[in-house]
Amino acid sequence: METYESNVVHIQASAQQIFSKLSNLENLQPLLDNLPPQATEKVKDIAVTADTCRFTIDNFGQMGFKIIEREPNKTIKFSGDATPVEVYLWIQLVEKEAYDTKMKVTLKADVPFMLKMMVGDKLKDGVNQIATLLAKIPY
């Protein structure tokens, strides 16, 4: 299984505020409703519940993620749901001081050897984009 880690991003909010927002995926609906046009050209039919996010990717099909574990104010773990390979995603929070929290996104994917060269950089860019996007949410 390959591991892809985002850069560490700083969020001016407490770990508790961030965890409360991200541990219920329905809280992200306003963000999903306002995705930039370039994102909605490829990702469509986004549906969220408190524990799941499902979407359709053009030329690929439907897939998603579901929350499998929550460690309050520290970690939210996801697994792939209807993904073509085994996938796990973690959001890790470390509060350095009041209203200064570091966040990192980690993706582990069972990418076949032949595809690693083609998708590795895209997955690394993807986790960085996720971290950057989550850092911009008002908490």
# chains A, B, ... in the order shown; residues from 1 in each chain; ligands from 1
call {"tool": "residues_around", "arguments": {"residues": "stretch 110-117 of chain A", "least_positions_apart": "6", "cutoff": "7 Å", "atoms": "only C-alpha atoms", "output": "list in words"}}
result
Met1, Glu2, Val85, Glu86 and Val87 of chain A
call {"tool": "residues_around", "arguments": {"residues": "A:Gln16", "least_positions_apart": "3", "cutoff": "9 Å", "atoms": "only C-alpha atoms", "output": "PyMOL selection string"}}
result
chain A and resi 13+19-21+72-74+95
call {"tool": "residues_around", "arguments": {"residues": "A:Gln62", "least_positions_apart": "2", "cutoff": "10 Å", "atoms": "only C-alpha atoms", "output": "compact mmCIF listing (two decimals) with C-alpha atoms, in the first residue's frame"}}
result
# COMPACT_ATOMS: atom_id res chain seq x y z
CA VAL A 43 -16.85 15.41 -10.15
CA LYS A 44 -20.64 15.26 -10.19
CA ASP A 45 -23.61 13.95 -8.23
CA ILE A 46 -22.06 14.63 -4.82
CA ARG A 54 -20.42 9.67 -2.56
CA PHE A 55 -19.76 11.19 -5.97
CA THR A 56 -19.36 10.36 -9.65
CA ILE A 57 -16.12 11.01 -11.52
CA ASP A 58 -16.39 11.43 -15.29
CA ASN A 59 -15.05 8.43 -17.24
CA PHE A 60 -14.62 6.50 -13.99
CA GLY A 64 -16.99 7.64 -2.17
CA ASP A 81 -16.59 3.10 -0.51
CA ALA A 82 -17.00 1.47 -3.92
CA THR A 83 -13.45 2.44 -4.89
CA PRO A 84 -11.56 0.36 -7.47
call {"tool": "residues_around", "arguments": {"residues": "stretch 32-35 of chain A", "least_positions_apart": "4", "cutoff": "10 Å", "atoms": "only C-alpha atoms", "output": "PDB file with N, CA and C atoms, in the first residue's frame"}}
result
ATOM      1  N   GLU A  26     -22.042  16.198   6.739  1.00  0.00           N
ATOM      2  CA  GLU A  26     -23.123  17.088   6.316  1.00  0.00           C
ATOM      3  C   GLU A  26     -22.735  18.549   6.518  1.00  0.00           C
ATOM      4  N   ASN A  27     -21.805  18.816   7.426  1.00  0.00           N
ATOM      5  CA  ASN A  27     -21.332  20.181   7.645  1.00  0.00           C
ATOM      6  C   ASN A  27     -20.570  20.733   6.442  1.00  0.00           C
ATOM      7  N   LEU A  28     -20.145  19.856   5.541  1.00  0.00           N
ATOM      8  CA  LEU A  28     -19.377  20.289   4.375  1.00  0.00           C
ATOM      9  C   LEU A  28     -20.258  20.601   3.159  1.00  0.00           C
ATOM     10  N   ALA A  39     -13.710  21.923 -10.844  1.00  0.00           N
ATOM     11  CA  ALA A  39     -13.938  20.716 -10.039  1.00  0.00           C
ATOM     12  C   ALA A  39     -15.246  20.040 -10.436  1.00  0.00           C
ATOM     13  N   THR A  40     -16.276  20.840 -10.696  1.00  0.00           N
ATOM     14  CA  THR A  40     -17.583  20.256 -11.015  1.00  0.00           C
ATOM     15  C   THR A  40     -17.662  19.727 -12.440  1.00  0.00           C
ATOM     16  N   VAL A  43     -16.186  16.060 -11.277  1.00  0.00           N
ATOM     17  CA  VAL A  43     -16.845  15.407 -10.150  1.00  0.00           C
ATOM     18  C   VAL A  43     -18.287  15.885 -10.096  1.00  0.00           C
ATOM     19  N   ILE A  46     -22.612  14.761  -6.171  1.00  0.00           N
ATOM     20  CA  ILE A  46     -22.064  14.633  -4.823  1.00  0.00           C
ATOM     21  C   ILE A  46     -23.227  14.527  -3.831  1.00  0.00           C
ATOM     22  N   ALA A  47     -23.180  13.487  -3.008  1.00  0.00           N
ATOM     23  CA  ALA A  47     -24.207  13.278  -1.987  1.00  0.00           C
ATOM     24  C   ALA A  47     -23.519  12.969  -0.665  1.00  0.00           C
ATOM     25  N   VAL A  48     -23.947  13.644   0.396  1.00  0.00           N
ATOM     26  CA  VAL A  48     -23.331  13.434   1.705  1.00  0.00           C
ATOM     27  C   VAL A  48     -24.369  13.074   2.756  1.00  0.00           C
TER      28      VAL A  48
END
call {"tool": "residues_around", "arguments": {"residues": "stretch 128-134 of chain A", "least_positions_apart": "2", "cutoff": "7 Å", "atoms": "only C-alpha atoms", "output": "list in words"}}
result
Ser6, Asn7, Val9, Lys104, Val105, Lys124, Asp125, Gly126, Lys136 and Ile137 of chain A
call {"tool": "closest_residue", "arguments": {"among": "A:Ile18, A:Val119, A:Met63, A:Leu107", "to": "A:Leu89", "atoms": "only C-alpha atoms"}}
result
A:Leu107
call {"tool": "residues_around", "arguments": {"residues": "A:Lys102", "least_positions_apart": "4", "cutoff": "6 Å", "atoms": "only C-alpha atoms", "output": "list in words"}}
result
Val9, His10, Leu93 and Val94 of chain A
